[in-house]
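The next block is entry07.cif, given as mmCIF, C-alpha atoms.
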```
data_query
#
loop_
_atom_site.label_atom_id
_atom_site.label_comp_id
_atom_site.auth_asym_id
_atom_site.auth_seq_id
_atom_site.Cartn_x
_atom_site.Cartn_y
_atom_site.Cartn_z
CA LEU Y 108 7.38 -11.75 1.69
CA ASN Y 109 4.28 -12.96 3.53
CA VAL Y 110 6.00 -12.71 6.92
CA THR Y 111 7.03 -9.10 6.37
CA PHE Y 112 3.66 -7.95 4.99
CA VAL Y 113 1.51 -9.79 7.53
CA SER Y 114 3.72 -8.47 10.36
CA TRP Y 115 3.49 -4.97 8.88
CA GLY Y 116 -0.30 -5.20 8.90
CA VAL Y 117 -0.46 -6.44 12.50
CA LEU Y 118 1.84 -3.62 13.64
CA GLN Y 119 -0.13 -1.05 11.68
CA GLU Y 120 -3.36 -2.07 13.41
CA ARG Y 121 -1.68 -2.17 16.83
CA MET Y 122 -0.15 1.30 16.48
CA LEU Y 123 -3.20 3.07 15.08
CA THR Y 124 -6.12 1.41 16.85
CA ARG Y 125 -4.85 0.42 20.31
CA ARG Y 126 -3.78 2.45 23.35
CA TYR Y 127 -0.28 3.04 24.73
CA PRO Y 128 -0.09 1.65 27.36
CA ARG Y 129 -2.85 -0.88 26.83
CA ILE Y 130 -6.41 -0.23 28.06
CA THR Y 131 -5.75 2.98 30.00
CA GLY Y 132 -3.31 4.84 27.75
CA GLU Y 133 -3.46 7.18 24.76
CA TYR Y 134 -3.95 6.55 21.06
CA PHE Y 135 -1.19 7.29 18.53
CA THR Y 136 -3.03 9.53 16.05
CA TYR Y 137 -0.17 10.90 13.94
CA SER Y 138 -0.52 9.08 10.64
CA TYR Y 139 1.90 11.36 8.79
CA ALA Y 140 4.63 10.31 11.21
CA LEU Y 141 4.24 6.74 9.90
CA VAL Y 142 4.28 8.00 6.32
CA PHE Y 143 7.50 9.95 6.97
CA THR Y 144 9.17 7.00 8.71
CA ASN Y 145 8.33 4.60 5.87
CA ARG Y 146 9.52 6.98 3.16
CA PHE Y 147 12.70 7.86 5.05
CA TRP Y 148 13.76 4.21 5.38
CA THR Y 149 12.80 3.53 1.75
CA LEU Y 150 15.02 6.47 0.77
CA ILE Y 151 17.95 4.93 2.65
CA MET Y 152 17.34 1.48 1.12
CA SER Y 153 16.95 2.75 -2.45
CA GLY Y 154 19.99 5.00 -2.03
CA GLY Y 155 22.03 1.97 -0.96
CA LEU Y 156 20.76 -0.02 -3.97
CA LEU Y 157 21.61 2.90 -6.23
CA LEU Y 158 25.21 2.93 -4.97
CA TYR Y 159 25.59 -0.86 -4.97
CA LEU Y 160 23.90 -1.82 -8.25
CA LYS Y 161 24.83 1.36 -10.15
CA PRO Y 162 21.93 1.23 -12.66
CA ARG Y 163 21.95 3.47 -15.69
CA ARG Y 164 21.01 7.08 -14.94
CA SER Y 165 18.17 8.63 -16.87
CA LYS Y 166 19.16 11.73 -18.87
CA SER Y 167 15.72 12.50 -20.25
CA THR Y 168 13.64 12.83 -17.08
CA ILE Y 169 12.87 16.22 -15.58
CA ILE Y 170 13.00 16.37 -11.78
CA TYR Y 171 9.49 17.76 -11.29
CA GLU Y 172 8.02 14.61 -12.91
CA TYR Y 173 8.90 12.64 -9.79
CA SER Y 174 6.87 14.97 -7.58
CA PHE Y 175 3.47 13.83 -8.90
CA PRO Y 176 3.74 10.13 -7.95
CA SER Y 177 5.48 11.15 -4.71
CA ILE Y 178 2.56 13.31 -3.60
CA SER Y 179 -0.07 10.77 -4.64
CA ASN Y 180 1.85 7.93 -2.95
CA MET Y 181 2.16 9.96 0.24
CA LEU Y 182 -1.56 10.79 0.23
CA SER Y 183 -2.57 7.18 -0.45
CA SER Y 184 -0.56 6.00 2.57
CA TRP Y 185 -2.10 8.68 4.80
CA CYS Y 186 -5.62 7.72 3.66
CA GLN Y 187 -5.16 4.03 4.43
CA TYR Y 188 -3.77 4.80 7.90
CA GLU Y 189 -6.55 7.26 8.72
CA ALA Y 190 -9.22 4.84 7.46
CA LEU Y 191 -8.38 2.44 10.30
CA LYS Y 192 -9.98 4.92 12.70
CA TYR Y 193 -13.36 4.21 11.11
CA VAL Y 194 -13.28 0.67 9.68
CA SER Y 195 -11.77 -2.58 10.90
CA PHE Y 196 -8.44 -3.77 9.53
CA PRO Y 197 -9.96 -6.86 7.81
CA ALA Y 198 -12.48 -4.61 6.01
CA ALA Y 199 -9.76 -2.15 4.98
CA THR Y 200 -7.48 -4.96 3.76
CA LEU Y 201 -10.18 -6.57 1.65
CA PHE Y 202 -11.34 -3.20 0.31
CA LYS Y 203 -7.89 -2.73 -1.22
CA SER Y 204 -8.59 -5.73 -3.47
CA PHE Y 205 -10.84 -3.35 -5.41
CA LYS Y 206 -7.71 -1.61 -6.75
CA LEU Y 207 -8.37 -3.16 -10.14
CA ALA Y 208 -11.30 -0.82 -10.93
CA PRO Y 209 -9.54 2.55 -10.33
CA VAL Y 210 -6.34 1.23 -11.93
CA MET Y 211 -8.29 0.41 -15.09
CA ALA Y 212 -10.07 3.79 -15.02
CA MET Y 213 -6.78 5.66 -14.53
CA GLY Y 214 -5.12 3.58 -17.24
CA LYS Y 215 -7.85 4.61 -19.65
CA LEU Y 216 -7.53 8.24 -18.62
CA LEU Y 217 -3.73 8.61 -18.58
CA GLY Y 218 -2.65 5.97 -21.09
CA ASN Y 219 -5.72 5.07 -23.17
CA LYS Y 220 -5.09 1.42 -22.26
CA GLU Y 221 -7.24 -1.54 -23.22
CA TYR Y 222 -8.21 -4.27 -20.76
CA PRO Y 223 -9.65 -7.78 -21.37
CA GLN Y 224 -13.36 -8.29 -20.74
CA TYR Y 225 -12.79 -10.62 -17.81
CA ASP Y 226 -11.10 -7.75 -15.89
CA TYR Y 227 -14.39 -5.81 -15.88
CA VAL Y 228 -16.31 -8.88 -14.65
CA VAL Y 229 -13.72 -9.54 -11.94
CA ALA Y 230 -13.87 -5.91 -10.78
CA LEU Y 231 -17.66 -6.15 -10.53
CA VAL Y 232 -17.55 -9.40 -8.51
CA ILE Y 233 -14.86 -7.97 -6.20
CA GLY Y 234 -16.99 -4.87 -5.60
CA LEU Y 235 -20.02 -6.99 -4.75
CA GLY Y 236 -17.97 -9.25 -2.46
CA ILE Y 237 -16.50 -6.28 -0.58
CA THR Y 238 -19.98 -4.81 -0.11
CA MET Y 239 -21.19 -8.11 1.36
CA PHE Y 240 -18.14 -8.38 3.62
CA MET Y 241 -18.47 -4.88 4.99
CA SER Y 242 -22.21 -5.14 5.53
CA GLY Y 243 -21.76 -8.51 7.25
CA SER Y 244 -18.99 -7.38 9.59
CA GLU Y 245 -20.14 -6.57 13.10
CA GLU Y 246 -17.13 -4.30 13.59
CA LEU Y 247 -18.32 -1.58 11.26
CA GLU Y 248 -19.89 1.34 13.07
CA PHE Y 249 -19.64 4.02 10.43
CA GLY Y 250 -20.93 6.83 12.65
CA TYR Y 251 -18.02 6.57 15.11
CA ASP Y 252 -14.26 6.20 14.85
CA VAL Y 253 -12.20 3.56 16.65
CA HIS Y 254 -11.46 6.01 19.44
CA GLY Y 255 -15.15 6.19 20.33
CA GLU Y 256 -15.60 9.72 19.00
CA LYS Y 257 -18.47 10.66 16.68
CA ALA Y 258 -17.30 10.88 13.08
CA SER Y 259 -17.75 14.13 11.17
CA ALA Y 260 -19.66 12.31 8.43
CA ALA Y 261 -21.05 8.83 7.83
CA TRP Y 262 -18.93 6.35 5.87
CA THR Y 263 -15.77 8.35 6.54
CA GLY Y 264 -13.63 5.24 6.45
CA VAL Y 265 -15.07 4.09 3.12
CA MET Y 266 -14.45 7.54 1.67
CA LEU Y 267 -10.82 7.48 2.86
CA LEU Y 268 -10.31 4.03 1.34
CA GLY Y 269 -11.83 5.32 -1.88
CA PHE Y 270 -9.28 8.16 -1.91
CA PHE Y 271 -6.55 5.61 -1.18
CA LEU Y 272 -7.54 3.63 -4.28
CA PHE Y 273 -7.66 6.80 -6.39
CA PHE Y 274 -4.24 8.10 -5.32
CA ASP Y 275 -2.59 4.68 -5.51
CA SER Y 276 -3.93 4.01 -9.01
CA PHE Y 277 -2.71 7.45 -10.13
CA THR Y 278 0.76 6.65 -8.74
CA SER Y 279 1.08 3.38 -10.66
CA GLN Y 280 -0.23 4.77 -13.93
CA TRP Y 281 1.93 7.92 -13.76
CA GLN Y 282 5.03 5.84 -13.08
CA SER Y 283 4.13 3.51 -15.95
CA ARG Y 284 3.80 6.53 -18.21
CA MET Y 285 7.25 7.72 -17.09
CA PHE Y 286 8.76 4.39 -18.16
CA GLN Y 287 7.03 4.71 -21.52
CA ARG Y 288 8.37 8.23 -22.08
CA HIS Y 289 11.86 7.67 -20.63
CA ARG Y 290 13.29 4.38 -21.85
CA ASP Y 291 16.54 5.00 -19.92
CA LEU Y 292 14.77 5.24 -16.53
CA SER Y 293 15.50 2.39 -14.09
CA MET Y 294 13.20 1.11 -11.33
CA ILE Y 295 15.74 1.86 -8.59
CA GLU Y 296 16.25 5.46 -9.74
CA LEU Y 297 12.47 5.97 -9.76
CA MET Y 298 12.17 4.48 -6.26
CA PHE Y 299 14.95 6.72 -4.93
CA ALA Y 300 13.61 9.91 -6.50
CA THR Y 301 9.99 9.38 -5.41
CA SER Y 302 10.97 8.40 -1.86
CA ALA Y 303 13.23 11.47 -1.64
CA PHE Y 304 10.36 13.75 -2.63
CA SER Y 305 7.96 11.92 -0.29
CA THR Y 306 10.37 12.13 2.65
CA VAL Y 307 10.80 15.87 2.28
CA LEU Y 308 7.11 16.56 1.65
CA SER Y 309 5.88 14.39 4.54
CA PHE Y 310 8.36 16.10 6.89
CA ILE Y 311 7.15 19.53 5.75
CA THR Y 312 3.56 18.35 6.32
CA LEU Y 313 4.43 17.21 9.85
CA VAL Y 314 5.94 20.61 10.61
CA HIS Y 315 3.11 22.58 8.96
CA THR Y 316 0.35 20.66 10.78
CA LYS Y 317 2.30 20.98 14.06
CA GLU Y 318 2.29 17.21 14.51
CA LEU Y 319 6.07 16.73 14.60
CA GLY Y 320 6.48 17.81 18.22
CA PRO Y 321 3.49 15.87 19.62
CA ALA Y 322 4.44 12.75 17.63
CA LEU Y 323 8.04 12.84 18.97
CA SER Y 324 6.77 13.47 22.51
CA PHE Y 325 4.41 10.50 22.24
CA VAL Y 326 7.23 8.21 21.10
CA VAL Y 327 9.56 9.43 23.84
CA GLU Y 328 6.93 9.04 26.58
CA HIS Y 329 5.72 5.55 25.57
CA SER Y 330 8.57 3.06 25.44
CA GLU Y 331 6.33 0.25 24.11
CA ILE Y 332 5.93 2.00 20.77
CA HIS Y 333 9.71 2.13 20.17
CA LEU Y 334 9.89 -1.51 19.11
CA HIS Y 335 6.66 -1.23 17.12
CA PHE Y 336 7.96 1.79 15.19
CA PHE Y 337 11.26 0.05 14.46
CA LEU Y 338 9.68 -3.21 13.30
CA PHE Y 339 7.03 -1.35 11.29
CA SER Y 340 9.71 0.53 9.37
CA ILE Y 341 11.89 -2.54 8.90
CA CYS Y 342 8.97 -4.65 7.60
CA SER Y 343 7.96 -1.88 5.20
CA THR Y 344 11.50 -1.40 3.86
CA ILE Y 345 12.45 -5.07 3.59
CA GLY Y 346 8.99 -5.87 2.20
CA GLN Y 347 9.58 -3.53 -0.74
CA LEU Y 348 12.97 -5.13 -1.33
CA PHE Y 349 11.34 -8.59 -1.31
CA ILE Y 350 8.68 -7.40 -3.78
CA PHE Y 351 11.39 -6.20 -6.15
CA TYR Y 352 13.34 -9.47 -5.77
CA THR Y 353 10.28 -11.74 -6.14
CA ILE Y 354 8.94 -10.11 -9.31
CA LYS Y 355 12.38 -9.82 -10.88
CA ASN Y 356 13.37 -13.44 -10.16
CA PHE Y 357 10.14 -15.45 -10.14
CA GLY Y 358 7.73 -13.43 -12.26
CA ALA Y 359 4.48 -11.57 -11.69
CA VAL Y 360 2.26 -14.68 -11.35
CA VAL Y 361 4.11 -16.03 -8.32
CA PHE Y 362 4.07 -12.57 -6.75
CA ALA Y 363 0.31 -12.26 -7.27
CA ILE Y 364 -0.30 -15.68 -5.65
CA ILE Y 365 1.85 -14.78 -2.64
CA MET Y 366 0.10 -11.44 -2.12
CA THR Y 367 -3.35 -13.02 -2.44
CA THR Y 368 -2.37 -15.49 0.29
CA ARG Y 369 -1.15 -12.56 2.34
CA VAL Y 370 -4.62 -10.95 2.28
CA LEU Y 371 -6.20 -14.09 3.77
CA LEU Y 372 -3.44 -14.48 6.37
CA SER Y 373 -3.67 -10.81 7.39
CA ILE Y 374 -7.45 -10.93 7.83
CA ALA Y 375 -7.33 -14.23 9.74
CA LEU Y 376 -4.54 -13.06 12.08
CA SER Y 377 -6.26 -9.73 12.70
CA CYS Y 378 -9.49 -11.51 13.66
CA VAL Y 379 -7.59 -13.77 16.07
CA LEU Y 380 -5.41 -11.09 17.68
CA TYR Y 381 -7.91 -8.22 17.84
CA GLY Y 382 -11.23 -10.04 18.12
CA HIS Y 383 -12.91 -8.94 14.88
CA GLU Y 384 -16.05 -10.89 14.09
CA VAL Y 385 -17.15 -11.73 10.56
CA GLY Y 386 -20.65 -13.09 9.98
CA SER Y 387 -21.75 -15.60 7.36
CA THR Y 388 -22.55 -12.82 4.84
CA GLY Y 389 -19.11 -11.32 5.38
CA PHE Y 390 -17.43 -14.71 4.96
CA LEU Y 391 -19.33 -15.30 1.71
CA GLY Y 392 -18.22 -11.87 0.48
CA LEU Y 393 -14.61 -12.72 1.37
CA MET Y 394 -14.79 -15.97 -0.61
CA MET Y 395 -16.27 -14.12 -3.60
CA VAL Y 396 -13.39 -11.62 -3.61
CA MET Y 397 -10.72 -14.30 -3.24
CA GLY Y 398 -12.37 -16.42 -5.95
CA ALA Y 399 -12.46 -13.48 -8.36
CA VAL Y 400 -8.83 -12.57 -7.65
CA CYS Y 401 -7.68 -16.18 -8.13
CA TYR Y 402 -9.66 -16.46 -11.39
CA ARG Y 403 -7.95 -13.33 -12.71
CA ILE Y 404 -4.52 -14.69 -11.77
CA LYS Y 405 -5.36 -17.92 -13.60
CA ARG Y 406 -6.46 -16.03 -16.73
CA LYS Y 407 -3.35 -13.84 -16.71
CA ALA Y 408 -1.13 -16.91 -16.24
CA GLU Y 409 -2.54 -18.81 -19.23
CA GLY Y 410 0.23 -19.65 -21.66
CA LYS Y 411 2.92 -18.59 -19.17
CA GLN Y 412 5.26 -20.51 -16.89
CA LEU Y 413 4.21 -20.45 -13.24
CA ILE Y 414 7.76 -19.66 -12.16
CA SER Y 415 9.73 -17.50 -14.55
CA TRP Y 416 13.34 -17.29 -13.43
CA GLN Y 417 14.66 -13.76 -13.92
CA GLY Y 418 11.08 -13.04 -14.92
CA ILE Y 419 11.23 -9.26 -15.39
CA GLY Y 420 14.24 -7.33 -16.57
CA ASP Y 421 14.83 -3.59 -16.69
CA GLU Y 422 13.11 -3.42 -20.05
CA LYS Y 423 9.88 -4.50 -18.32
CA ALA Y 424 10.05 -2.06 -15.43
CA MET Y 425 6.59 -0.74 -16.34
CA GLU Y 426 5.08 -4.20 -15.73
CA LEU Y 427 6.94 -4.42 -12.42
CA VAL Y 428 5.45 -1.11 -11.27
CA GLN Y 429 1.92 -2.17 -12.24
CA GLU Y 430 2.18 -5.48 -10.36
CA TRP Y 431 3.77 -3.73 -7.36
CA HIS Y 432 0.93 -1.22 -6.96
CA GLU Y 433 -1.85 -3.66 -7.81
CA HIS Y 434 -0.98 -6.06 -4.99
CA ALA Y 435 0.97 -4.02 -2.41
CA ASP Y 436 -0.21 -1.12 -0.24
CA MET Y 437 2.84 0.30 1.52
#
```
For this file, write the structure as structure tokens.
Amino acid sequence: LNVTFVSWGVLQERMLTRRYPRITGEYFTYSYALVFTNRFWTLIMSGGLLLYLKPRRSKSTIIYEYSFPSISNMLSSWCQYEALKYVSFPAATLFKSFKLAPVMAMGKLLGNKEYPQYDYVVALVIGLGITMFMSGSEELEFGYDVHGEKASAAWTGVMLLGFFLFFDSFTSQWQSRMFQRHRDLSMIELMFATSAFSTVLSFITLVHTKELGPALSFVVEHSEIHLHFFLFSICSTIGQLFIFYTIKNFGAVVFAIIMTTRVLLSIALSCVLYGHEVGSTGFLGLMMVMGAVCYRIKRKAEGKQLISWQGIGDEKAMELVQEWHEHADM
């Protein structure tokens, strides 16, 4: 799981922030092409699982219900890819740890959910830590994008990451509400339906924005990106399969620990490979975020087994969705 997600992050940064060919070439600026590719391969994978596992088919869902999480999921992916033009990958990765706050707000709004007091404290500490990290990072030049062009507005990257958190939290809470309303809905059917909608909608967006032709031309003209595109899609698809397998077989606590480790590994590898510098204030902010996340995992794990074999069955699909969106950012 860590190998696929860390590799996915490295490839994402390489494709969106570096030239093809290196130093003298062009930038790949077609974020929706990555969204389409990811959703297309997820559609193939979920379709295969649907045929192989043959889960129960929901008879109570209405097809338009799948469109809402599909659109929000598509937009959240686009926002995180576009944000890399304005903020460094380590900053963007750590910023996603703040998912807890919008997830709680959306849960209150859509499901009138209650959360323990420590969640509010953790969210506050994470927010403070992220602020310290971003202010202490020498990579952050908010007035310019990574391509050296003046940004249309200050803090564009932060705004895009904020939209990412909003859309992603909406996706998880809407899907959770679908499981509450439709008890016969399976996780695999939901994955297939949402990826089908997202594939079609992202393709339409590529055509409408006239990015399909330029994106294909770029890929054809630059042979180096072929392998990157392939590995990026494979890591994304297999990563989602590993998430499903890990939560189902080992429980949510183990999954949360693995994904927390992944954040540290991704930031460290990005700093080594792409030369990002993090000052002492940024490092302190990073430690605050990781400490808060680990404390929350510990509190949630109290009274539970660390490893729970066959931890989550179909009857707990709502919990699986919540854990998936809280810790993953595909």
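Coordinates place CA of Tyr352 in chain Y at a distance of 14.9 Å from CA of Leu157 in chain Y.
Proximity to Phe112 in chain Y was assessed for Y:Gly214, Y:Pro209, Y:Gly346, Y:Pro197 counting all atoms listed in the file; the smallest distance is recorded for Y:Gly346.
With CA of Asp436 in chain Y on one side and CA of Ser302 in chain Y on the other, the separation reads 14.8 Å.
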Practice problem: Excluding range 367-371 of chain Y and residues on its chain fewer than 3 positions from it, collect all residues at most 9 Å away from it, counting only C-alpha atoms, and give them as number ranges by chain. | Solution: Y: 108-110, 112-113, 197, 200-201, 204, 362-364, 374-376, 393, 397, 400-401, 434
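Comparing Y:Thr353, Y:Ser387, Y:Ser373, Y:Ser293 by their smallest distance to Phe196 in chain Y, the closest is Y:Ser373 (using all atoms listed in the file).
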Exercise. Using the chain letters and numbering of this document, enumerate as a VMD selection string the residues selected by the PyMOL selection byres ((chain Y and resi 275) around 9).
Key: chain Y and resid 176 179 to 180 182 to 184 206 209 to 210 270 to 274 276 to 280 432 to 433 436
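From CA of Ser343 in chain Y back to CA of Arg164 in chain Y, the distance works out to 25.6 Å.
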Exercise. Can you turn the PyMOL selection byres ((chain Y and resi 187) around 12) into a concrete residue list for this file, as a PyMOL selection string?
Key: chain Y and resi 116+119-120+123+138-139+141-142+180-186+188-196+198-200+202-203+263-275+436-437
Exercise. Starting from the shown file, work through the PyMOL selection byres ((chain Y and resi 304-310) around 7) and note down what comes out as a PyMOL selection string.
Key: chain Y and resi 139+142-143+146-147+174+177-178+181+300-303+311-314
Quiz prompt | For Ile233 in chain Y, the nearest of the candidates Y:Ala208, Y:Met285, Y:Trp148, Y:Ser324, counting only C-alpha atoms | solution = Y:Ala208
Determine, counting only C-alpha atoms, which protein, DNA and RNA residues have an atom within 7 Å of an atom of Gly234 in chain Y; residues of the same chain fewer than 4 positions away are not included. Present the result as a PDB file with C-alpha atoms, keeping the file's coordinate frame.
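What landed in result17.pdb:
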```
ATOM      1  CA  PHE Y 205     -10.840  -3.350  -5.410  1.00  0.00           C
ATOM      2  CA  ALA Y 230     -13.870  -5.910 -10.780  1.00  0.00           C
ATOM      3  CA  THR Y 238     -19.980  -4.810  -0.110  1.00  0.00           C
TER       4      THR Y 238
END
```
Quiz item: Quick one: of Y:Cys378, Y:Glu221, Y:Arg125, Y:Met298, who's nearest to Gly155 in chain Y, counting all atoms listed in the file?
Solution: Y:Met298
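Nearest to Gly389 in chain Y of all the residues Y:Ile404, Y:Glu328, Y:Met294, Y:Gly243 is Y:Gly243, based on only C-alpha atoms.
Between Tyr159 in chain Y and the residues Y:Gln287, Y:Thr131, Y:Thr144, Y:Ile295, the shortest atom-to-atom distance, using all atoms listed in the file, involves Y:Ile295.
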Practice problem: Could you give me, as a ChimeraX atom specification, the residues within 9 Å of range 329-337 of chain Y, counting only C-alpha atoms and dropping anything in the same chain fewer than 3 positions from it? | Solution: /Y:118-119,121-122,127-128,141,144,324-326,340-342
Preceding selection exported with C-alpha atoms as an mmCIF file, in the frame of the given file:
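What ended up in out-v6.cif:
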```
data_model
loop_
_atom_site.group_PDB
_atom_site.id
_atom_site.type_symbol
_atom_site.label_atom_id
_atom_site.label_comp_id
_atom_site.auth_asym_id
_atom_site.auth_seq_id
_atom_site.Cartn_x
_atom_site.Cartn_y
_atom_site.Cartn_z
ATOM 1 C CA LEU Y 118 1.840 -3.620 13.640
ATOM 2 C CA GLN Y 119 -0.130 -1.050 11.680
ATOM 3 C CA ARG Y 121 -1.680 -2.170 16.830
ATOM 4 C CA MET Y 122 -0.150 1.300 16.480
ATOM 5 C CA TYR Y 127 -0.280 3.040 24.730
ATOM 6 C CA PRO Y 128 -0.090 1.650 27.360
ATOM 7 C CA LEU Y 141 4.240 6.740 9.900
ATOM 8 C CA THR Y 144 9.170 7.000 8.710
ATOM 9 C CA SER Y 324 6.770 13.470 22.510
ATOM 10 C CA PHE Y 325 4.410 10.500 22.240
ATOM 11 C CA VAL Y 326 7.230 8.210 21.100
ATOM 12 C CA SER Y 340 9.710 0.530 9.370
ATOM 13 C CA ILE Y 341 11.890 -2.540 8.900
ATOM 14 C CA CYS Y 342 8.970 -4.650 7.600
#
```
Enclose range 146-157 of chain Y, meaning all of its atoms listed in the file, in a box aligned along x, y and z, pad it by 5 Å on each side, and list the centre and edge lengths in Å to one decimal, as JSON.
```
{"center_x": 15.8, "center_y": 3.9, "center_z": -0.4, "size_x": 22.5, "size_y": 17.9, "size_z": 21.6}
```
